[in-house]
Each structure stands twice: as structure tokens, then as C-alpha cells.
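Participant: My questions will all concern the structure given below.
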Amino acid sequence: MKNLSVTLLACLALAHLPASAQALPDPTRPPAGMERGAFDTGAVDDGPRLQSVLIARHAGGRHVAVIDGETVRLGETFKGARVARVGADEVVLVRGGERQVLRLDAPLPGMTRAAK
């Protein structure tokens with residue numbers, strides 16, 4: 001019983017001390033200098049951004065693209081423009097008589113071949 005009392009008193013005494021935690025680095029954060037913003041030239045592009053492309057290997061398979069976080073398929077519309085073509089590294093949007101070609105972002109320097 002005496003050990004339990006001593007342990008309880010020690011816990012109560014420690015509970016009043018301020019807690020301090022050590023800040024740990026985010027293991028998923030890219031190394032310094034590899035963030036997208038580090039390579040910006042100051043030019044602002046307000047147009048849509050092609051982020052990903054998925055094309056099925058078999059003929060007649062699905063063609064899917066991710067533009068500004070929105071998944072669209074070949075023939076669907078994205079913000080009023082029809083997805084006319086989905087290529088391995090680009091998508092063609094058509095609005096009226098106007099064509100817009102979106103290309104995948106260039107890989108960042110230092111990315112491995114598999115990441116590209």
C-alpha cells in the first residue's frame with residue numbers, strides 16, 4: 001500500500017508540471033528546395049492544371065484525367081469545355097471553336113525516374 005501511495009503522489013506531482021513536446025519534422029515533406037514554390041518564376045497561370053492521366057492498355061478502355069482535382073473522362077465536360085482528347089501527357093479541351101491543350105507538369109529537379 002505504501003508503494004501505491006508513493007506512486008500516486010509522484011503522478012500527481014508530475015501532472016502539475018508543464019508538458020513540453022519536441023517538434024518532429026514531417027517525414028513526407030520534400031527536402032528543402034524541392035517545393036514547387038521554390039522554382040516559381042513569378043508568372044501566374046490562372047488556367048486549369050492537368051495533374052494526372054490514366055489510359056487503359058486495352059483498345060476501347062477508359063481515358064481519365066484529373067484537372068484541378070476533378071476527375072473527368074473522355075467526352076465529359078470540365079467547366080464548360082468538352083474533353084476532346086486524353087493523351088499520355090496531355091489533354092485537349094474544346095469550348096466552342098477554341099482548343100486548349102493542358103500538359104502534365106514537368107517533374108521537379110531531383111525526382112527519380114519512377115516518380116516522373
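Chains: A, B, ... in order of the C-alpha cells. Residues: from 1 per chain. Ligands: from 1, in order shown.
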Which residues come within 8 Å of A:Gln51, counting only C-alpha atoms, excluding same-chain residues fewer than 6 positions away, as a short mmCIF file (atom, residue, chain, number, x, y, z; two decimals) with C-alpha atoms, in the first residue's frame?
Facilitator:
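The result, stored in out20.cif:
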data_model
loop_
_atom_site.label_atom_id
_atom_site.label_comp_id
_atom_site.auth_asym_id
_atom_site.auth_seq_id
_atom_site.Cartn_x
_atom_site.Cartn_y
_atom_site.Cartn_z
CA ALA A 65 -7.70 12.78 -66.43
CA VAL A 66 -7.51 14.76 -63.21
CA ILE A 67 -7.74 18.51 -63.84
CA ASP A 68 -7.62 20.87 -60.85
CA GLY A 69 -8.52 17.94 -58.59
CA LEU A 104 1.27 17.39 -67.33
CA ASP A 105 3.50 19.39 -65.03
#
Participant: Rounded to one decimal place, report the atom CA of A:Ala88-atom CA of A:Gly47 distance in Å.
Facilitator: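 Between these atoms lies a distance of 19.9 Å.
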Participant: Could you pull the residues within 10 Å of stretch 92-95 of chain A, counting only C-alpha atoms, minus those fewer than 5 positions along the same chain, as a JSON list (two decimals) with all heavy atoms, in the first residue's frame?
Facilitator:
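Output below, filename selection.json:
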[["chain", "number", "residue", "atom", "x", "y", "z"],
["A", 74, "LEU", "N", -12.93, 11.03, -71.03],
["A", 74, "LEU", "CA", -13.00, 11.45, -72.42],
["A", 74, "LEU", "C", -14.46, 11.66, -72.81],
["A", 74, "LEU", "O", -15.31, 10.82, -72.54],
["A", 74, "LEU", "CB", -12.36, 10.38, -73.31],
["A", 74, "LEU", "CG", -12.31, 10.67, -74.80],
["A", 74, "LEU", "CD1", -11.43, 11.89, -75.07],
["A", 74, "LEU", "CD2", -11.79, 9.47, -75.56],
["A", 75, "GLY", "N", -14.77, 12.81, -73.39],
["A", 75, "GLY", "CA", -16.14, 13.13, -73.81],
["A", 75, "GLY", "C", -16.94, 13.91, -72.78],
["A", 75, "GLY", "O", -17.95, 14.53, -73.11],
["A", 76, "GLU", "N", -16.52, 13.91, -71.53],
["A", 76, "GLU", "CA", -17.21, 14.68, -70.49],
["A", 76, "GLU", "C", -16.82, 16.15, -70.57],
["A", 76, "GLU", "O", -15.97, 16.54, -71.38],
["A", 76, "GLU", "CB", -16.89, 14.13, -69.10],
["A", 76, "GLU", "CG", -17.44, 12.74, -68.85],
["A", 76, "GLU", "CD", -17.14, 12.24, -67.45],
["A", 76, "GLU", "OE1", -16.32, 12.82, -66.73],
["A", 76, "GLU", "OE2", -17.77, 11.23, -67.06],
["A", 77, "THR", "N", -17.45, 16.98, -69.74],
["A", 77, "THR", "CA", -17.12, 18.40, -69.73],
["A", 77, "THR", "C", -16.42, 18.78, -68.44],
["A", 77, "THR", "O", -16.67, 18.21, -67.38],
["A", 77, "THR", "CB", -18.38, 19.28, -69.90],
["A", 77, "THR", "OG1", -19.27, 19.00, -68.84],
["A", 77, "THR", "CG2", -19.05, 19.04, -71.22],
["A", 78, "PHE", "N", -15.53, 19.77, -68.57],
["A", 78, "PHE", "CA", -14.83, 20.34, -67.43],
["A", 78, "PHE", "C", -15.00, 21.85, -67.53],
["A", 78, "PHE", "O", -14.51, 22.48, -68.47],
["A", 78, "PHE", "CB", -13.35, 19.97, -67.45],
["A", 78, "PHE", "CG", -12.53, 20.68, -66.41],
["A", 78, "PHE", "CD1", -12.56, 20.26, -65.10],
["A", 78, "PHE", "CD2", -11.78, 21.79, -66.74],
["A", 78, "PHE", "CE1", -11.84, 20.93, -64.13],
["A", 78, "PHE", "CE2", -11.05, 22.47, -65.78],
["A", 78, "PHE", "CZ", -11.09, 22.04, -64.48],
["A", 79, "LYS", "N", -15.76, 22.41, -66.59],
["A", 79, "LYS", "CA", -16.02, 23.86, -66.54],
["A", 79, "LYS", "C", -16.45, 24.40, -67.90],
["A", 79, "LYS", "O", -15.93, 25.39, -68.40],
["A", 79, "LYS", "CB", -14.80, 24.60, -66.01],
["A", 79, "LYS", "CG", -14.47, 24.24, -64.58],
["A", 79, "LYS", "CD", -13.35, 25.07, -64.03],
["A", 79, "LYS", "CE", -13.07, 24.67, -62.59],
["A", 79, "LYS", "NZ", -11.95, 25.39, -62.01],
["A", 80, "GLY", "N", -17.38, 23.70, -68.53],
["A", 80, "GLY", "CA", -17.95, 24.16, -69.80],
["A", 80, "GLY", "C", -17.18, 23.75, -71.04],
["A", 80, "GLY", "O", -17.62, 24.04, -72.15],
["A", 81, "ALA", "N", -16.05, 23.09, -70.90],
["A", 81, "ALA", "CA", -15.27, 22.65, -72.05],
["A", 81, "ALA", "C", -15.33, 21.13, -72.15],
["A", 81, "ALA", "O", -15.27, 20.43, -71.15],
["A", 81, "ALA", "CB", -13.82, 23.10, -71.91],
["A", 82, "ARG", "N", -15.47, 20.63, -73.39],
["A", 82, "ARG", "CA", -15.53, 19.18, -73.60],
["A", 82, "ARG", "C", -14.12, 18.61, -73.65],
["A", 82, "ARG", "O", -13.21, 19.18, -74.25],
["A", 82, "ARG", "CB", -16.25, 18.89, -74.92],
["A", 82, "ARG", "CG", -16.46, 17.41, -75.21],
["A", 82, "ARG", "CD", -17.24, 17.19, -76.50],
["A", 82, "ARG", "NE", -16.65, 17.82, -77.66],
["A", 82, "ARG", "CZ", -15.68, 17.28, -78.40],
["A", 82, "ARG", "NH1", -15.21, 16.08, -78.10],
["A", 82, "ARG", "NH2", -15.20, 17.92, -79.43],
["A", 83, "VAL", "N", -13.92, 17.44, -72.99],
["A", 83, "VAL", "CA", -12.64, 16.75, -73.03],
["A", 83, "VAL", "C", -12.60, 16.00, -74.36],
["A", 83, "VAL", "O", -13.23, 14.96, -74.52],
["A", 83, "VAL", "CB", -12.47, 15.78, -71.84],
["A", 83, "VAL", "CG1", -11.14, 15.05, -71.93],
["A", 83, "VAL", "CG2", -12.60, 16.53, -70.52],
["A", 84, "ALA", "N", -11.88, 16.56, -75.35],
["A", 84, "ALA", "CA", -11.87, 16.02, -76.71],
["A", 84, "ALA", "C", -10.82, 14.93, -76.90],
["A", 84, "ALA", "O", -10.99, 14.04, -77.73],
["A", 84, "ALA", "CB", -11.61, 17.15, -77.71],
["A", 85, "ARG", "N", -9.73, 15.02, -76.16],
["A", 85, "ARG", "CA", -8.67, 14.03, -76.31],
["A", 85, "ARG", "C", -7.91, 13.89, -75.00],
["A", 85, "ARG", "O", -7.66, 14.87, -74.32],
["A", 85, "ARG", "CB", -7.70, 14.50, -77.40],
["A", 85, "ARG", "CG", -6.53, 13.59, -77.68],
["A", 85, "ARG", "CD", -5.77, 14.09, -78.88],
["A", 85, "ARG", "NE", -4.36, 13.92, -79.04],
["A", 85, "ARG", "CZ", -3.44, 13.51, -78.20],
["A", 85, "ARG", "NH1", -3.76, 13.20, -76.99],
["A", 85, "ARG", "NH2", -2.17, 13.40, -78.52],
["A", 86, "VAL", "N", -7.56, 12.64, -74.66],
["A", 86, "VAL", "CA", -6.73, 12.36, -73.49],
["A", 86, "VAL", "C", -5.53, 11.57, -73.98],
["A", 86, "VAL", "O", -5.65, 10.45, -74.45],
["A", 86, "VAL", "CB", -7.50, 11.54, -72.42],
["A", 86, "VAL", "CG1", -6.59, 11.20, -71.25],
["A", 86, "VAL", "CG2", -8.72, 12.30, -71.93],
["A", 87, "GLY", "N", -4.37, 12.21, -73.94],
["A", 87, "GLY", "CA", -3.12, 11.56, -74.34],
["A", 87, "GLY", "C", -2.32, 11.17, -73.12],
["A", 87, "GLY", "O", -2.70, 11.45, -71.98],
["A", 100, "GLN", "N", -7.92, 24.15, -76.12],
["A", 100, "GLN", "CA", -6.93, 24.40, -75.09],
["A", 100, "GLN", "C", -6.22, 23.08, -74.78],
["A", 100, "GLN", "O", -6.87, 22.08, -74.49],
["A", 100, "GLN", "CB", -7.59, 24.95, -73.83],
["A", 100, "GLN", "CG", -6.61, 25.29, -72.73],
["A", 100, "GLN", "CD", -7.29, 25.90, -71.51],
["A", 100, "GLN", "OE1", -8.50, 25.83, -71.34],
["A", 100, "GLN", "NE2", -6.49, 26.50, -70.66],
["A", 101, "VAL", "N", -4.89, 23.09, -74.86],
["A", 101, "VAL", "CA", -4.11, 21.89, -74.59],
["A", 101, "VAL", "C", -3.50, 22.03, -73.20],
["A", 101, "VAL", "O", -2.80, 23.01, -72.91],
["A", 101, "VAL", "CB", -2.99, 21.70, -75.64],
["A", 101, "VAL", "CG1", -2.17, 20.46, -75.32],
["A", 101, "VAL", "CG2", -3.58, 21.60, -77.04],
["A", 102, "LEU", "N", -3.78, 21.07, -72.34],
["A", 102, "LEU", "CA", -3.20, 21.02, -71.00],
["A", 102, "LEU", "C", -2.13, 19.94, -70.98],
["A", 102, "LEU", "O", -2.37, 18.82, -71.42],
["A", 102, "LEU", "CB", -4.27, 20.69, -69.95],
["A", 102, "LEU", "CG", -5.52, 21.57, -69.93],
["A", 102, "LEU", "CD1", -6.48, 21.07, -68.85],
["A", 102, "LEU", "CD2", -5.16, 23.01, -69.69],
["A", 103, "ARG", "N", -0.97, 20.28, -70.47],
["A", 103, "ARG", "CA", 0.12, 19.31, -70.39],
["A", 103, "ARG", "C", 0.42, 19.00, -68.93],
["A", 103, "ARG", "O", 0.25, 19.85, -68.06],
["A", 103, "ARG", "CB", 1.36, 19.86, -71.08],
["A", 103, "ARG", "CG", 1.20, 19.91, -72.58],
["A", 103, "ARG", "CD", 2.47, 20.35, -73.26],
["A", 103, "ARG", "NE", 2.47, 20.25, -74.71],
["A", 103, "ARG", "CZ", 1.64, 20.88, -75.53],
["A", 103, "ARG", "NH1", 0.71, 21.64, -75.06],
["A", 103, "ARG", "NH2", 1.73, 20.72, -76.84]]
Participant: Grab the atom CA of A:Arg49 to atom CA of A:Val64 distance for me, in Å with one decimal place.
Facilitator: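 Going from atom CA of A:Arg49 over to atom CA of A:Val64, I get 14.3 Å.
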Participant: I need the residues in stretch 38-83 of chain A that are strand (DSSP E) according to DSSP; give them as a list of chain:residue names.
Facilitator: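 Selecting the strand (DSSP E) positions of stretch 38-83 of chain A gives A:Leu50, A:Gln51, A:Ser52, A:Val53, A:Leu54, A:Ile55, A:His63, A:Val64, A:Ala65, A:Val66, A:Ile67, A:Glu70, A:Thr71, A:Val72, A:Arg73, A:Thr77, A:Phe78, A:Ala81, A:Arg82, A:Val83.
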Participant: Could you work out how far atom CA of A:Glu90 lies from atom CA of A:Thr71, giving the answer in Å with one decimal?
Facilitator: 14.3 Å
Participant: Which is closer to A:Val53 than all the others in A:Val72, A:Pro31, A:Gly96, A:Gln22, using only C-alpha atoms?
Facilitator: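 Closest to A:Val53, using only C-alpha atoms: A:Val72.
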